[in-house]
Amino acid sequence: MADSGKRSRFSLALRRARLRFIRLIDPVFGPLRRLWQDSLMVRTMATTGVLTGLIVVVTGAILLASISSDLYSSRKSQSLEDAARATLAAQRFIDAYDAADRGGLSTLSASVRRTVQDTSASQMIYVRRQPGQAPFLEAPQEFNTNSALMDAVTPELAEALSDGNDPQYLQPVTFINQDGTQSPGLVVASTLVFPAGAGTYDLYIGYDLSNTQETLAFVQRTFLLAAVGMMLLIGALVWTMSRIVFRPIRSAAETSKRVAGGDISARMPRQNDHYFDQLSTSFNEMADTIQARIRELDELSAMQQRFVSDVSHELRTPLTTIRLASAVLQAQRDSFDPSQQRAVEVMETQLVRFESLLADLLEISRYDAGHVTLERESTKIVPLVEEIADQLRPLSSSLIEVRPIGGYTPIEVDARRIRRIVSNLVGNAIEHGEGKPVVITIDSNESAVAISVRDWGVGMTSDALEHVFDRFWRADPSRKRTLGGTGLGLAIALEDATAHQGSLEAWSAPGEGSNFRLTLPRSSRKAVGVSPLPLIPEDAAVEGTVQVTGNWLKRKLRRVTGTSKEEGA
C-alpha cells in the first residue's frame, strides 16, 4: 500500500510538472503547433524542406569527406615522392664524396643541406645523427632550418626510423609557429648514411598543409553557400508548387464558405484538371439544386406568411362583431338560465384565447416581414419584474419570489416587449412548476442585465429542450393549462430578446425543473458579453443535464428576406 501511494504521488507530481512545462512553452510553441495542425500546406512544405535539407546535408558530408580524403591522399603522395627524391639526391651526393678526405666531413653537412633544399619543394629540413652510435670526432654537423619542425618530431617517429627497415616513414603533425599559431602538416623521415664511419643520420622533411586546409575550407564555404542557395531555391519551388497544387482546394474552401455564409450564387471555378473539374461540376450542380430549393421554400414561406397575415387581419372584423355580441350577452346574462350562463362564460373565455392567438399571429407576421421597431425608453428592470410577479400571483397557487441582486440602474429597452418576455417565462414556470415555488433572479454587471426564471417542476428532456423555442410547440399538449397559451409565447420572446441584441437561453433536466435566462445589453451600442447570472442552477446535478441557447436555435429559422435578424445577438 505504501509503494502504491508513493507511485500515485509521483505520477501526480509528474503530471503537474508536465502541465507546468506545457504552460511555459505554449506561448512560444503553441502558435506553431496550431499552425502545423491547421495547415496541410505548411505540413507539406515543412516535410519537404526537412527531407530536402537532410538529403543535402548527407550528400554534402559525403562529398566533403571524399574531397578531404582525396586532398590528403594527394598531398601525402606528393610529400612522399618529394622526400624520396630529396633523400635520393642527398644520398647520391654523399656517396660521391671522397671517403679518404676525412677532413672534409665537417663541411659535408652544408653541402647535403643545399642539395636537399635545391631538390625538395619544402624548406623545412632537420638532419640529426641517430642516437646510440659510437662517437665520431669528424662527424658532419646536425642542422635544422625550422624550429617548428624540430619540435614536431616525436620520439615514436625517431624510434620507428631507427628500428624499422622501411625507406620512409610519415607522420601527421601540428606545427607551432613562432607567433603561436598552429598549422597542420606532415613529416617524412628517412635515413642518410655518411662515409668513413661517420654513421647514420636521420633526415626529416616537413610539409605545411595550411594551403590544403585553406583549399578545403574554401570548398566547404562554397558548398555551404551552394547548399543554402539550393535550399532557398527548393523552398521557393516547393512554395510555388504548393500554391499551385492547393489553389483548387483553397478555391473550393472559399466557395463553400461563401455558400455557408448565405451567398447561394457562389460557384466553384474550373481548374483545368480532370478530377478538380469533376468536383467543381458536382459542387456547382449541388449549389444550383440548393438555390432552387431555397427559392421554392422562400416562395412557400412568403405565401404562408402572407396567408397568416391576411387571415389575421381578415379575422379582426368578425372577431369584433363576435366581441360586440358577447358584450350584449354578458350584459343580459342574469336573465339566462344556468346552462345559458355557462355557455356565455365559455364563449367569453374562448374569445379571449382567440384574441390572444390572433395578437400573437400578428406579432409573428410583423417579425417575419421585418416591420418591428423598438420603442426604447429608460426602464428600471427590478420594479418591472416585481410588477409582473404581483400581477401573476393571484392566478397561481405557486409561491413567486423575486430576488433582485442587481439591475437597479435604468437601461434603454422597449418596456412592453420586456414585460411580455418576463410574463411569458413566469407563466410557463407556473404552468409547468407543479405548484412548486418560482424564483425570479435579477443581476447585472458592467455590460449586461440578466433575468432568470427558475422552477422545480417536471423539467424537459434534451429532445424537448431542442424545440422549446419552436413555433406552436408544447412540451406536453395534453397538460391542463390554467393560464392559456398559443404555442407562440417563447418564439415571440426569443424574437423580442434578439431585437434588443440580447439572448434567451434555456436549461432543463427531467425531475429537476427548468431555468430560463434573459440577458440584455446595457447599451444598444455594446455587445452583451458575459451574462451576470449562470444558466445552470447551483442546485442542479450538472451531469446529464442539457442546455439550449435561443440564438443558436434562431439561426435555424428561414427568413423570407434571406437576411439574418440576429445581428448583435
# chains A, B, ... in the order shown; residues from 1 in each chain; ligands from 1
call {"tool": "residues_around", "arguments": {"residues": "Val385 (chain A)", "least_positions_apart": "4", "cutoff": "8 Å", "atoms": "only C-alpha atoms", "output": "PyMOL selection string"}}
result
chain A and resi 381+389+402+419+422
call {"tool": "residues_around", "arguments": {"residues": "Thr441 (chain A)", "least_positions_apart": "5", "cutoff": "9 Å", "atoms": "only C-alpha atoms", "output": "number ranges by chain"}}
result
A: 401-406, 450-454, 533
call {"tool": "select_by_dssp", "arguments": {"residues": "region 378-491 of chain A", "states": "strand (DSSP E or B)", "output": "PyMOL selection string"}}
result
chain A and resi 378-379+400-404+411-413+438-444+448-455
call {"tool": "write_last_selection", "arguments": {"atoms": "N, CA and C atoms", "output": "CSV table (one decimal), in the first residue's frame"}}
result
chain,number,residue,atom,x,y,z
A,378,SER,N,-36.1,54.7,-21.0
A,378,SER,CA,-35.3,54.3,-19.8
A,378,SER,C,-36.2,53.5,-18.8
A,379,THR,N,-35.8,52.3,-18.5
A,379,THR,CA,-36.6,51.4,-17.7
A,379,THR,C,-35.8,50.8,-16.6
A,400,ILE,N,-44.3,32.8,-5.8
A,400,ILE,CA,-43.4,33.5,-6.7
A,400,ILE,C,-42.5,34.5,-6.0
A,401,GLU,N,-41.2,34.2,-6.0
A,401,GLU,CA,-40.3,35.0,-5.2
A,401,GLU,C,-39.4,35.8,-6.2
A,402,VAL,N,-39.1,37.1,-5.9
A,402,VAL,CA,-38.3,37.9,-6.7
A,402,VAL,C,-37.0,38.2,-5.9
A,403,ARG,N,-35.8,37.9,-6.5
A,403,ARG,CA,-34.6,38.1,-5.8
A,403,ARG,C,-33.7,39.1,-6.6
A,404,PRO,N,-33.8,40.4,-6.3
A,404,PRO,CA,-33.1,41.4,-7.0
A,404,PRO,C,-31.7,41.6,-6.5
A,411,ILE,N,-32.0,51.0,-17.9
A,411,ILE,CA,-31.4,50.7,-19.2
A,411,ILE,C,-32.4,51.1,-20.3
A,412,GLU,N,-32.0,51.3,-21.5
A,412,GLU,CA,-32.8,51.7,-22.6
A,412,GLU,C,-33.4,50.5,-23.3
A,413,VAL,N,-34.6,50.1,-23.1
A,413,VAL,CA,-35.3,49.0,-23.7
A,413,VAL,C,-36.7,49.3,-24.0
A,438,VAL,N,-41.6,29.4,-7.7
A,438,VAL,CA,-40.9,30.0,-8.9
A,438,VAL,C,-40.1,31.2,-8.4
A,439,VAL,N,-38.8,31.1,-8.7
A,439,VAL,CA,-37.8,32.2,-8.3
A,439,VAL,C,-37.3,33.0,-9.5
A,440,ILE,N,-37.5,34.3,-9.4
A,440,ILE,CA,-37.1,35.2,-10.4
A,440,ILE,C,-35.9,35.9,-9.9
A,441,THR,N,-34.7,35.8,-10.5
A,441,THR,CA,-33.5,36.4,-10.0
A,441,THR,C,-33.0,37.5,-11.0
A,442,ILE,N,-32.6,38.6,-10.5
A,442,ILE,CA,-32.1,39.7,-11.4
A,442,ILE,C,-30.7,40.1,-10.9
A,443,ASP,N,-29.8,40.3,-11.9
A,443,ASP,CA,-28.5,40.7,-11.5
A,443,ASP,C,-27.9,41.5,-12.7
A,444,SER,N,-26.8,42.1,-12.5
A,444,SER,CA,-26.2,42.9,-13.6
A,444,SER,C,-24.7,43.0,-13.4
A,448,ALA,N,-24.2,44.0,-19.0
A,448,ALA,CA,-25.5,43.4,-19.3
A,448,ALA,C,-26.3,43.3,-18.0
A,449,VAL,N,-27.6,43.1,-18.2
A,449,VAL,CA,-28.5,42.9,-17.1
A,449,VAL,C,-29.2,41.5,-17.5
A,450,ALA,N,-29.4,40.7,-16.5
A,450,ALA,CA,-29.9,39.3,-16.7
A,450,ALA,C,-31.1,39.1,-15.8
A,451,ILE,N,-32.1,38.3,-16.3
A,451,ILE,CA,-33.2,37.9,-15.5
A,451,ILE,C,-33.3,36.4,-15.7
A,452,SER,N,-33.4,35.6,-14.6
A,452,SER,CA,-33.5,34.2,-14.8
A,452,SER,C,-34.8,33.8,-14.0
A,453,VAL,N,-35.6,32.8,-14.6
A,453,VAL,CA,-36.8,32.3,-14.0
A,453,VAL,C,-36.6,30.8,-13.8
A,454,ARG,N,-36.6,30.4,-12.5
A,454,ARG,CA,-36.3,29.1,-12.2
A,454,ARG,C,-37.5,28.4,-11.5
A,455,ASP,N,-37.9,27.2,-12.0
A,455,ASP,CA,-38.9,26.4,-11.4
A,455,ASP,C,-38.4,25.0,-11.1
call {"tool": "residues_around", "arguments": {"residues": "Trp456 (chain A)", "least_positions_apart": "2", "cutoff": "9 Å", "atoms": "only C-alpha atoms", "output": "MDAnalysis selection string"}}
result
chainID A and resid 429 432:438 454 458:459 511:515
call {"tool": "write_last_selection", "arguments": {"atoms": "C-alpha atoms", "output": "PDB file, in the first residue's frame"}}
result
ATOM      1  CA  ALA A 429     -42.889  28.324 -14.885  1.00  0.00           C
ATOM      2  CA  HIS A 432     -45.225  23.518 -15.538  1.00  0.00           C
ATOM      3  CA  GLY A 433     -43.965  24.033 -11.978  1.00  0.00           C
ATOM      4  CA  GLU A 434     -46.350  21.516 -10.377  1.00  0.00           C
ATOM      5  CA  GLY A 435     -47.279  24.049  -7.702  1.00  0.00           C
ATOM      6  CA  LYS A 436     -43.671  24.421  -6.543  1.00  0.00           C
ATOM      7  CA  PRO A 437     -42.040  27.819  -5.967  1.00  0.00           C
ATOM      8  CA  VAL A 438     -40.930  30.010  -8.851  1.00  0.00           C
ATOM      9  CA  ARG A 454     -36.309  29.060 -12.150  1.00  0.00           C
ATOM     10  CA  VAL A 458     -41.233  18.198 -14.225  1.00  0.00           C
ATOM     11  CA  GLY A 459     -38.461  19.586 -16.430  1.00  0.00           C
ATOM     12  CA  GLY A 511     -37.352  15.910 -12.470  1.00  0.00           C
ATOM     13  CA  GLU A 512     -35.169  18.973 -11.689  1.00  0.00           C
ATOM     14  CA  GLY A 513     -37.205  21.697 -13.329  1.00  0.00           C
ATOM     15  CA  SER A 514     -36.125  24.385 -15.769  1.00  0.00           C
ATOM     16  CA  ASN A 515     -34.265  27.669 -15.821  1.00  0.00           C
TER      17      ASN A 515
END
call {"tool": "closest_residue", "arguments": {"among": "A:Leu518, A:Ala509, A:Val468, A:Ala13", "to": "Ala497 (chain A)", "atoms": "only C-alpha atoms"}}
result
A:Leu518
call {"tool": "closest_residue", "arguments": {"among": "A:Ile55, A:Val153, A:Ile234, A:Leu535", "to": "Leu170 (chain A)", "atoms": "only C-alpha atoms"}}
result
A:Val153
call {"tool": "closest_atom_pairs", "arguments": {"of": "region 149-256 of chain A", "to": "region 112-116 of chain A", "cutoff": "12 Å", "atoms": "only C-alpha atoms", "output": "tab-separated table"}}
result
residue	atom	partner	partner_atom	distance
A:Leu192	CA	A:Val112	CA	9.8
A:Val193	CA	A:Val112	CA	11.5
A:Phe194	CA	A:Val112	CA	10.4
A:Tyr201	CA	A:Val112	CA	11.3
A:Leu203	CA	A:Val116	CA	9.6
A:Tyr204	CA	A:Val116	CA	10.6
A:Ile205	CA	A:Val116	CA	9.1
call {"tool": "write_last_selection", "arguments": {"atoms": "C-alpha atoms", "output": "mmCIF file, in the first residue's frame"}}
result
data_model
loop_
_atom_site.group_PDB
_atom_site.id
_atom_site.type_symbol
_atom_site.label_atom_id
_atom_site.label_comp_id
_atom_site.auth_asym_id
_atom_site.auth_seq_id
_atom_site.Cartn_x
_atom_site.Cartn_y
_atom_site.Cartn_z
ATOM 1 C CA LEU A 192 71.281 9.132 -44.815
ATOM 2 C CA VAL A 193 74.447 7.034 -44.469
ATOM 3 C CA PHE A 194 77.627 9.076 -44.311
ATOM 4 C CA TYR A 201 71.766 10.379 -39.939
ATOM 5 C CA LEU A 203 66.522 13.232 -42.380
ATOM 6 C CA TYR A 204 63.196 14.867 -41.514
ATOM 7 C CA ILE A 205 61.414 16.947 -44.136
#
call {"tool": "atom_distance", "arguments": {"atom1": "CA of Met303 (chain A)", "atom2": "CA of Gly262 (chain A)"}}
result
21.5 Å
call {"tool": "closest_atom_pairs", "arguments": {"of": "region 202-260 of chain A", "to": "region 265-288 of chain A", "cutoff": "12 Å", "atoms": "only C-alpha atoms", "output": "CSV"}}
result
residue,atom,partner,partner_atom,distance
A:Ile244,CA,A:Gln271,CA,10.3
A:Val245,CA,A:Gln271,CA,10.3
A:Phe246,CA,A:Gln271,CA,11.0
A:Arg247,CA,A:Gln271,CA,8.7
A:Pro248,CA,A:Gln271,CA,6.4
A:Ile249,CA,A:Phe276,CA,8.7
A:Arg250,CA,A:Met268,CA,10.4
A:Ser251,CA,A:Met268,CA,6.8
A:Ala252,CA,A:Met268,CA,6.2
A:Ala253,CA,A:Met268,CA,9.3
A:Glu254,CA,A:Met268,CA,8.8
A:Thr255,CA,A:Met268,CA,6.0
A:Ser256,CA,A:Ala266,CA,8.2
A:Lys257,CA,A:Ala266,CA,9.4
A:Arg258,CA,A:Ala266,CA,6.5
A:Val259,CA,A:Ala266,CA,6.1
A:Ala260,CA,A:Ala266,CA,9.9
call {"tool": "closest_residue", "arguments": {"among": "A:Pro172, A:Pro27, A:Gly427, A:Gly235", "to": "Ser397 (chain A)", "atoms": "only C-alpha atoms"}}
result
A:Gly427
call {"tool": "residues_around", "arguments": {"residues": "Ile492 (chain A)", "least_positions_apart": "3", "cutoff": "9 Å", "atoms": "only C-alpha atoms", "output": "mmCIF file with N, CA and C atoms, in the first residue's frame"}}
result
data_model
loop_
_atom_site.group_PDB
_atom_site.id
_atom_site.type_symbol
_atom_site.label_atom_id
_atom_site.label_comp_id
_atom_site.auth_asym_id
_atom_site.auth_seq_id
_atom_site.Cartn_x
_atom_site.Cartn_y
_atom_site.Cartn_z
ATOM 1 N N ASP A 360 -50.848 37.166 -31.224
ATOM 2 C CA ASP A 360 -49.541 36.514 -31.401
ATOM 3 C C ASP A 360 -49.237 36.295 -32.872
ATOM 4 N N GLU A 363 -48.108 39.498 -34.359
ATOM 5 C CA GLU A 363 -46.756 39.858 -33.924
ATOM 6 C C GLU A 363 -45.702 39.046 -34.675
ATOM 7 N N ILE A 364 -45.959 37.751 -34.847
ATOM 8 C CA ILE A 364 -45.023 36.908 -35.602
ATOM 9 C C ILE A 364 -44.924 37.377 -37.043
ATOM 10 N N TYR A 367 -42.618 40.328 -37.279
ATOM 11 C CA TYR A 367 -41.203 39.941 -37.229
ATOM 12 C C TYR A 367 -40.758 39.317 -38.550
ATOM 13 N N ARG A 420 -43.494 41.504 -21.798
ATOM 14 C CA ARG A 420 -44.078 40.327 -22.441
ATOM 15 C C ARG A 420 -43.163 39.104 -22.286
ATOM 16 N N ILE A 421 -41.853 39.289 -22.421
ATOM 17 C CA ILE A 421 -40.918 38.165 -22.264
ATOM 18 C C ILE A 421 -41.005 37.592 -20.858
ATOM 19 N N PHE A 469 -38.079 26.641 -28.296
ATOM 20 C CA PHE A 469 -38.308 27.944 -28.900
ATOM 21 C C PHE A 469 -38.982 27.849 -30.261
ATOM 22 N N ARG A 471 -42.055 27.428 -32.981
ATOM 23 C CA ARG A 471 -43.415 27.952 -33.021
ATOM 24 C C ARG A 471 -44.441 26.814 -32.904
ATOM 25 N N LEU A 488 -46.895 30.094 -29.165
ATOM 26 C CA LEU A 488 -46.047 31.100 -29.808
ATOM 27 C C LEU A 488 -45.318 31.976 -28.795
ATOM 28 N N GLY A 489 -45.586 31.777 -27.515
ATOM 29 C CA GLY A 489 -45.031 32.668 -26.495
ATOM 30 C C GLY A 489 -43.521 32.713 -26.484
ATOM 31 N N GLU A 495 -37.768 36.330 -30.292
ATOM 32 C CA GLU A 495 -37.683 37.434 -31.250
ATOM 33 C C GLU A 495 -37.497 38.761 -30.526
ATOM 34 N N ASP A 496 -38.234 38.974 -29.420
ATOM 35 C CA ASP A 496 -38.089 40.219 -28.662
ATOM 36 C C ASP A 496 -36.681 40.355 -28.081
ATOM 37 N N ALA A 497 -36.132 39.254 -27.542
ATOM 38 C CA ALA A 497 -34.783 39.309 -26.976
ATOM 39 C C ALA A 497 -33.742 39.605 -28.041
#
call {"tool": "select_by_dssp", "arguments": {"residues": "region 316-436 of chain A", "states": "alpha helix (DSSP H)", "output": "number ranges by chain"}}
result
A: 316-331, 338-369, 381-392, 415-432
call {"tool": "residues_around", "arguments": {"residues": "Thr212 (chain A)", "least_positions_apart": "3", "cutoff": "9 Å", "atoms": "only C-alpha atoms", "output": "ChimeraX atom specification"}}
result
/A:71-72,75,208-209,215-217
call {"tool": "closest_residue", "arguments": {"among": "A:Leu490, A:Gln340, A:Ile264, A:Leu351", "to": "Arg295 (chain A)", "atoms": "only C-alpha atoms"}}
result
A:Ile264
call {"tool": "residues_around", "arguments": {"residues": "Ile176 (chain A)", "least_positions_apart": "5", "cutoff": "10 Å", "atoms": "only C-alpha atoms", "output": "VMD selection string"}}
result
chain A and resid 147 to 149 151 to 152 181 to 184
call {"tool": "residues_around", "arguments": {"residues": "Gln130 (chain A)", "least_positions_apart": "2", "cutoff": "8 Å", "atoms": "only C-alpha atoms", "output": "list in words"}}
result
Arg128, Gly132, Gln133, Ser162, Gly199, Thr200, Tyr201 and Asp202 of chain A
call {"tool": "write_last_selection", "arguments": {"atoms": "C-alpha atoms", "output": "compact mmCIF listing (two decimals), in the first residue's frame"}}
result
# COMPACT_ATOMS: atom_id res chain seq x y z
CA ARG A 128 70.50 14.80 -36.93
CA GLY A 132 73.08 5.17 -29.90
CA GLN A 133 76.04 5.27 -32.31
CA SER A 162 65.82 3.72 -36.06
CA GLY A 199 77.41 6.90 -39.11
CA THR A 200 73.71 7.12 -39.99
CA TYR A 201 71.77 10.38 -39.94
CA ASP A 202 68.00 10.93 -39.76
